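One structure below.
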Amino acid sequence: MKSDIPAAVVIGGGFSGTMVAAELTRRGIRSVLVDGSGREGRGTAYSTPERAHLLNVVAAKMGAWADRPEHFAEEVEREYGPDDYVPRQRYGEYLAKILDEARGTGLVRLAASEARTVECSGGGWAVTLADGSRVEGEALVLAQGNQAPAPPPLARGLPPELFVNDPWSEAGRRAIAKGAASGGDVLLIGTGLTMVDVVLSLDEARLRGRITALSRRGLMPRAHAEHGVAPVTLDEVPQGSLKRLWRWLLGRGAAVGWRAAVDSLRPHSHALWQSLSKAEQLRFLRHVRPWWDVHRHCIAPEVAGRVKRLVQLGQLEIVAGRVTDMVADGQQLEVAIRRRGHRQLSDHRFALAVNCTGPLGSISASPDPLIRSLFDQGLARPDALDLGLEVDGQSRVLRYEPSSEGSTQDERQMMWAVGPLTKGKYWEITAVPDIRGQVAQVAYDIAEELNHALQS
């Protein structure tokens with residue numbers, strides 16, 4: 001291995017990429033972290049400037065290191081208790097500190113540019129960046145995180161000052177602040193976690209108008225609540241059948257409480273997901289996912305209380321229904337809404353509409369130039385559900401290679417994916433407690449591979 005070439009190239013500087021670089025540093029492995037967003041060490045989730053945006057998990061469970069889950073609570077113990085829901089901004093500062101310490105060792109270098117293309121180069125990888133430079137390494141780790149959703153068909157062609165497709169972009173944040181200042185009403189399409197964050201942003205900006213949050217079922221995340229602990233072993237839980245698992249969960253919920261029953265599945269979520277056939281997984285995504293999300297991914301009680309207050313004041317309305325038409329009319333949007341169970345449409349005028357449907361749901365539609373480059377060369381492929389990339393049990397990205405008999409077979413390669421890009425394989429792989437273990441395992445795997453290469 002040449003000393004002037006990083007052993008690993010890590011694409012993405014959010015939680016996943018930052019912690020891959022940090023875990024590699026622990027093992028004495030050089031890396032270059034590629035991130036052109038200007039939010040390295042924080043990523044999208046933890047770069048929010050608003051103190052109202054809180055973590056959805058208590059401090060005691062948010063340690064970034066797999067072997068030190070209490071590390072974050074220790075870091076903030078002078079400001080917050082272990083059971084506090086800390087502002088995400090503070091968590092971003094925590095991650096930035098970890099990245100700074102890793103860079104301070106001299107083993108991590110930051111390439112502040114967007115990754116555009118990748119190619120195999122001398123047994124390793126060469127990544128071309130937007131500024132025209134190249135970075136090379138023996139191992140490649142994809143850690144781009146969640147991607148912005150595709151705009152709904154009805155919103156295509158609408159002015160960006162009237163329709164925000166990505167509320168986490170700088171342009172999106174400015175448009176939301178401007179919409180709040182206009183005094184007009186705001187439409188939020190989607191009622192999940194993104195909706196909650198945008199509602200808080202609008203409230204912080206002292207929105208004078210009303211907020212309508214719309215989704216097919218009108219479901220929104222529940223608040224964390226105190227409940228008993230009822231752990232189960234994997235052998236106690238039905239596997240391979242969504243119907244039997246759902247019946248078990250209903251019975252278990254009646255015995256120990258719904259929240260305790262749902263939380264008891266967390267340690268086994270990867271195994272349960274992988275026990276289901278593709279048809280069963282698709283059935284889950286179509287019919288169960290909305291209910292699972294609102295019960296499984298809860299919000300801080302303080303946040304839930306604030307949202308409830310806005311509903312009681314009449315400033316926020318949660319609606320089950322869908323948008324049937326949306327057109328720009330001067331400085332406002334004319335929107336037709338069909339409420340669930342109603343045939344008649346209702347017309348509304350909004351100063352702004354925001355896409356709160358969550359991250360991109362189809363990896364094959366990703367506009368990410370690096371992912372497109374991998375697909376075009378056959379170096380990666382979508383998983384069977386098109387949620388992320390096809391990976392093996394060690395989170396290695398798989399490719400198809402023709403065999404000597406003329407058929408195709410999976411080939412392992414020195415490329416890994418972490419975080420939401422592996423959602424098809426693991427499903428529950430978007431929160432810190434889920435990702436940190438995967439990141440540590442990937443860093444270990446890379447170190448083993450590189451050590452083996454040096455010895456051979």
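FYI, nothing fancy with the structure tokens labels: chains A, B, ... in order, residues from 1 per chain, ligands from 1 as they appear.
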
Nearby residues (only C-alpha atoms) at most 12 Å from A:Gln377, same-chain spacing under 6 positions excluded, as a PDB file with all heavy atoms, in the first residue's frame:
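Output saved as result_6.pdb:
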ATOM      1  N   THR A 117     -17.896  10.435 -10.450  1.00  0.00           N
ATOM      2  CA  THR A 117     -17.786   9.132 -11.100  1.00  0.00           C
ATOM      3  C   THR A 117     -16.770   8.282 -10.349  1.00  0.00           C
ATOM      4  O   THR A 117     -15.934   8.791  -9.608  1.00  0.00           O
ATOM      5  CB  THR A 117     -17.340   9.257 -12.569  1.00  0.00           C
ATOM      6  OG1 THR A 117     -16.041   9.842 -12.621  1.00  0.00           O
ATOM      7  CG2 THR A 117     -18.313  10.113 -13.366  1.00  0.00           C
ATOM      8  N   VAL A 118     -16.858   6.979 -10.564  1.00  0.00           N
ATOM      9  CA  VAL A 118     -15.922   6.055  -9.942  1.00  0.00           C
ATOM     10  C   VAL A 118     -15.528   5.002 -10.962  1.00  0.00           C
ATOM     11  O   VAL A 118     -16.319   4.641 -11.843  1.00  0.00           O
ATOM     12  CB  VAL A 118     -16.550   5.394  -8.692  1.00  0.00           C
ATOM     13  CG1 VAL A 118     -17.767   4.566  -9.051  1.00  0.00           C
ATOM     14  CG2 VAL A 118     -15.532   4.539  -7.949  1.00  0.00           C
ATOM     15  N   GLU A 119     -14.297   4.527 -10.851  1.00  0.00           N
ATOM     16  CA  GLU A 119     -13.834   3.454 -11.736  1.00  0.00           C
ATOM     17  C   GLU A 119     -12.823   2.590 -11.002  1.00  0.00           C
ATOM     18  O   GLU A 119     -12.187   3.040 -10.035  1.00  0.00           O
ATOM     19  CB  GLU A 119     -13.195   4.031 -13.002  1.00  0.00           C
ATOM     20  CG  GLU A 119     -11.990   4.920 -12.732  1.00  0.00           C
ATOM     21  CD  GLU A 119     -11.484   5.591 -13.993  1.00  0.00           C
ATOM     22  OE1 GLU A 119     -12.265   6.316 -14.642  1.00  0.00           O
ATOM     23  OE2 GLU A 119     -10.298   5.375 -14.320  1.00  0.00           O
ATOM     24  N   CYS A 120     -12.729   1.329 -11.432  1.00  0.00           N
ATOM     25  CA  CYS A 120     -11.706   0.445 -10.883  1.00  0.00           C
ATOM     26  C   CYS A 120     -10.349   0.926 -11.370  1.00  0.00           C
ATOM     27  O   CYS A 120     -10.191   1.257 -12.549  1.00  0.00           O
ATOM     28  CB  CYS A 120     -11.944  -0.993 -11.338  1.00  0.00           C
ATOM     29  SG  CYS A 120     -13.481  -1.703 -10.739  1.00  0.00           S
ATOM     30  N   LEU A 370     -22.652   9.658  -8.525  1.00  0.00           N
ATOM     31  CA  LEU A 370     -21.780   8.521  -8.232  1.00  0.00           C
ATOM     32  C   LEU A 370     -22.551   7.206  -8.305  1.00  0.00           C
ATOM     33  O   LEU A 370     -22.071   6.217  -8.864  1.00  0.00           O
ATOM     34  CB  LEU A 370     -21.137   8.664  -6.854  1.00  0.00           C
ATOM     35  CG  LEU A 370     -20.041   7.618  -6.601  1.00  0.00           C
ATOM     36  CD1 LEU A 370     -18.746   8.064  -7.244  1.00  0.00           C
ATOM     37  CD2 LEU A 370     -19.850   7.374  -5.117  1.00  0.00           C
ATOM     38  N   ILE A 371     -23.753   7.205  -7.759  1.00  0.00           N
ATOM     39  CA  ILE A 371     -24.577   5.994  -7.837  1.00  0.00           C
ATOM     40  C   ILE A 371     -24.931   5.688  -9.284  1.00  0.00           C
ATOM     41  O   ILE A 371     -24.897   4.525  -9.717  1.00  0.00           O
ATOM     42  CB  ILE A 371     -25.840   6.147  -6.973  1.00  0.00           C
ATOM     43  CG1 ILE A 371     -25.449   6.145  -5.485  1.00  0.00           C
ATOM     44  CG2 ILE A 371     -26.849   5.035  -7.252  1.00  0.00           C
ATOM     45  CD1 ILE A 371     -26.594   6.341  -4.539  1.00  0.00           C
ATOM     46  N   ARG A 399     -22.112  -7.118  -7.208  1.00  0.00           N
ATOM     47  CA  ARG A 399     -22.265  -6.911  -8.640  1.00  0.00           C
ATOM     48  C   ARG A 399     -22.482  -8.257  -9.297  1.00  0.00           C
ATOM     49  O   ARG A 399     -22.175  -9.308  -8.728  1.00  0.00           O
ATOM     50  CB  ARG A 399     -21.013  -6.237  -9.228  1.00  0.00           C
ATOM     51  CG  ARG A 399     -19.768  -7.080  -9.096  1.00  0.00           C
ATOM     52  CD  ARG A 399     -18.528  -6.368  -9.582  1.00  0.00           C
ATOM     53  NE  ARG A 399     -18.521  -6.176 -11.023  1.00  0.00           N
ATOM     54  CZ  ARG A 399     -17.463  -5.725 -11.697  1.00  0.00           C
ATOM     55  NH1 ARG A 399     -16.343  -5.429 -11.052  1.00  0.00           N
ATOM     56  NH2 ARG A 399     -17.524  -5.577 -12.999  1.00  0.00           N
ATOM     57  N   TYR A 400     -23.041  -8.225 -10.498  1.00  0.00           N
ATOM     58  CA  TYR A 400     -23.183  -9.455 -11.281  1.00  0.00           C
ATOM     59  C   TYR A 400     -21.961  -9.633 -12.150  1.00  0.00           C
ATOM     60  O   TYR A 400     -21.509  -8.702 -12.816  1.00  0.00           O
ATOM     61  CB  TYR A 400     -24.419  -9.383 -12.185  1.00  0.00           C
ATOM     62  CG  TYR A 400     -25.709  -9.756 -11.519  1.00  0.00           C
ATOM     63  CD1 TYR A 400     -26.862  -9.015 -11.766  1.00  0.00           C
ATOM     64  CD2 TYR A 400     -25.787 -10.839 -10.659  1.00  0.00           C
ATOM     65  CE1 TYR A 400     -28.064  -9.352 -11.179  1.00  0.00           C
ATOM     66  CE2 TYR A 400     -26.991 -11.178 -10.060  1.00  0.00           C
ATOM     67  CZ  TYR A 400     -28.123 -10.437 -10.323  1.00  0.00           C
ATOM     68  OH  TYR A 400     -29.308 -10.756  -9.738  1.00  0.00           O
ATOM     69  N   GLU A 401     -21.421 -10.855 -12.160  1.00  0.00           N
ATOM     70  CA  GLU A 401     -20.306 -11.182 -13.043  1.00  0.00           C
ATOM     71  C   GLU A 401     -20.661 -12.431 -13.850  1.00  0.00           C
ATOM     72  O   GLU A 401     -21.187 -13.398 -13.296  1.00  0.00           O
ATOM     73  CB  GLU A 401     -19.039 -11.466 -12.223  1.00  0.00           C
ATOM     74  CG  GLU A 401     -18.302 -10.212 -11.779  1.00  0.00           C
ATOM     75  CD  GLU A 401     -17.685  -9.462 -12.950  1.00  0.00           C
ATOM     76  OE1 GLU A 401     -16.950 -10.065 -13.747  1.00  0.00           O
ATOM     77  OE2 GLU A 401     -17.948  -8.255 -13.064  1.00  0.00           O
TER      78      GLU A 401
END

DSSP says helix (DSSP H, G or I) for which residues of stretch 127-346 of chain A? Put them as a PyMOL selection string? chain A and resi 153-155+170-182+193-204+234-236+242-256+258-263+266-275+278-296+301-312

Wanna dump the stretch 285-356 of chain A-stretch 258-267 of chain A contacts at 10 Å for me, each residue with its shortest atom pair and the distance in Å to one decimal, counting only C-alpha atoms, ordered by chain and number, as a tab-separated table?
residue	atom	partner	partner_atom	distance
A:Trp292	CA	A:Val262	CA	8.7
A:His295	CA	A:Arg259	CA	7.5
A:Arg296	CA	A:Val262	CA	6.7

Residue selection dump (N, CA and C atoms) as a compact mmCIF listing (two decimals), in the first residue's frame:
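Generated file (result.txt):
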# COMPACT_ATOMS: atom_id res chain seq x y z
N TRP A 292 -46.55 0.90 11.18
CA TRP A 292 -45.30 0.59 11.87
C TRP A 292 -44.49 1.87 12.13
N HIS A 295 -45.71 4.11 15.05
CA HIS A 295 -45.56 3.52 16.39
C HIS A 295 -44.11 3.21 16.71
N ARG A 296 -43.34 2.87 15.72
CA ARG A 296 -41.95 2.47 15.95
C ARG A 296 -41.02 3.68 16.04

When you count only C-alpha atoms, which of these residues is closest to A:Ser373: A:Ala112, A:Val127, A:Ala73, A:Ile189? A:Val127

Leaving out A:Thr18 and any residue of its chain fewer than 2 positions from it, which residues lie within 12 Å of it when counting only C-alpha atoms, given as a PyMOL selection string? chain A and resi 9-16+20-25+31-35+39-43+64-65+92+94-103+108-110+141-145+418-419+435-436+439-440+443

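Checking A:Leu387, A:Ile446, A:Val198, A:Val186 one by one against A:Ala365, counting only C-alpha atoms, you find the shortest gap at A:Leu387.
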
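Interatomic distance, atom CA of A:Pro82 against atom CA of A:Val57: 10.3 Å.
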
Excluding same-chain residues fewer than 4 positions from A:Leu188, what lies within 7 Å of it counting only C-alpha atoms, as a PyMOL selection string? chain A and resi 195+212-214+353-356

I need the residues from that last selection saved to file as a PDB file, in the first residue's frame (with all heavy atoms), if you can.
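Wrote out.pdb, looks like this:
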ATOM      1  N   MET A 195     -42.637  16.207   8.301  1.00  0.00           N
ATOM      2  CA  MET A 195     -43.714  17.156   8.566  1.00  0.00           C
ATOM      3  C   MET A 195     -43.561  17.782   9.938  1.00  0.00           C
ATOM      4  O   MET A 195     -43.705  19.001  10.115  1.00  0.00           O
ATOM      5  CB  MET A 195     -45.070  16.444   8.463  1.00  0.00           C
ATOM      6  CG  MET A 195     -46.287  17.317   8.768  1.00  0.00           C
ATOM      7  SD  MET A 195     -46.715  17.483  10.542  1.00  0.00           S
ATOM      8  CE  MET A 195     -47.257  15.821  10.928  1.00  0.00           C
ATOM      9  N   THR A 212     -51.855  23.071   6.866  1.00  0.00           N
ATOM     10  CA  THR A 212     -52.592  21.841   6.551  1.00  0.00           C
ATOM     11  C   THR A 212     -51.572  20.770   6.217  1.00  0.00           C
ATOM     12  O   THR A 212     -50.776  20.939   5.283  1.00  0.00           O
ATOM     13  CB  THR A 212     -53.546  22.046   5.356  1.00  0.00           C
ATOM     14  OG1 THR A 212     -54.503  23.047   5.680  1.00  0.00           O
ATOM     15  CG2 THR A 212     -54.275  20.746   5.022  1.00  0.00           C
ATOM     16  N   ALA A 213     -51.570  19.690   6.982  1.00  0.00           N
ATOM     17  CA  ALA A 213     -50.667  18.560   6.732  1.00  0.00           C
ATOM     18  C   ALA A 213     -51.505  17.395   6.223  1.00  0.00           C
ATOM     19  O   ALA A 213     -52.447  16.951   6.890  1.00  0.00           O
ATOM     20  CB  ALA A 213     -49.931  18.169   8.008  1.00  0.00           C
ATOM     21  N   LEU A 214     -51.133  16.894   5.047  1.00  0.00           N
ATOM     22  CA  LEU A 214     -51.985  15.953   4.320  1.00  0.00           C
ATOM     23  C   LEU A 214     -51.238  14.675   3.984  1.00  0.00           C
ATOM     24  O   LEU A 214     -50.093  14.705   3.537  1.00  0.00           O
ATOM     25  CB  LEU A 214     -52.447  16.631   3.023  1.00  0.00           C
ATOM     26  CG  LEU A 214     -53.285  15.846   2.033  1.00  0.00           C
ATOM     27  CD1 LEU A 214     -54.727  15.772   2.525  1.00  0.00           C
ATOM     28  CD2 LEU A 214     -53.236  16.526   0.662  1.00  0.00           C
ATOM     29  N   ALA A 353     -46.208  25.273  -0.502  1.00  0.00           N
ATOM     30  CA  ALA A 353     -46.402  23.839  -0.281  1.00  0.00           C
ATOM     31  C   ALA A 353     -45.030  23.205  -0.110  1.00  0.00           C
ATOM     32  O   ALA A 353     -44.065  23.595  -0.776  1.00  0.00           O
ATOM     33  CB  ALA A 353     -47.147  23.194  -1.448  1.00  0.00           C
ATOM     34  N   VAL A 354     -44.925  22.233   0.793  1.00  0.00           N
ATOM     35  CA  VAL A 354     -43.645  21.587   1.097  1.00  0.00           C
ATOM     36  C   VAL A 354     -43.804  20.077   0.991  1.00  0.00           C
ATOM     37  O   VAL A 354     -44.753  19.507   1.552  1.00  0.00           O
ATOM     38  CB  VAL A 354     -43.150  21.960   2.515  1.00  0.00           C
ATOM     39  CG1 VAL A 354     -41.778  21.344   2.770  1.00  0.00           C
ATOM     40  CG2 VAL A 354     -43.105  23.471   2.697  1.00  0.00           C
ATOM     41  N   ASN A 355     -42.898  19.453   0.293  1.00  0.00           N
ATOM     42  CA  ASN A 355     -42.894  17.999   0.173  1.00  0.00           C
ATOM     43  C   ASN A 355     -42.323  17.397   1.455  1.00  0.00           C
ATOM     44  O   ASN A 355     -41.130  17.517   1.719  1.00  0.00           O
ATOM     45  CB  ASN A 355     -42.065  17.560  -1.032  1.00  0.00           C
ATOM     46  CG  ASN A 355     -42.182  16.071  -1.317  1.00  0.00           C
ATOM     47  OD1 ASN A 355     -42.787  15.330  -0.557  1.00  0.00           O
ATOM     48  ND2 ASN A 355     -41.604  15.634  -2.420  1.00  0.00           N
ATOM     49  N   CYS A 356     -43.162  16.744   2.233  1.00  0.00           N
ATOM     50  CA  CYS A 356     -42.750  16.113   3.487  1.00  0.00           C
ATOM     51  C   CYS A 356     -42.959  14.609   3.439  1.00  0.00           C
ATOM     52  O   CYS A 356     -43.219  13.965   4.466  1.00  0.00           O
ATOM     53  CB  CYS A 356     -43.528  16.714   4.660  1.00  0.00           C
ATOM     54  SG  CYS A 356     -43.252  18.463   4.935  1.00  0.00           S
TER      55      CYS A 356
END

Among A:Pro49, A:Glu334, A:Ile29, A:Gly157, A:Asp445 is approached most closely, using only C-alpha atoms, by A:Ile29

Counting only C-alpha atoms, the residue of A:His224, A:Lys178, A:Arg90, A:Arg156 that sits nearest A:His297: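 Distance minimum relative to A:His297 lands on A:His224.
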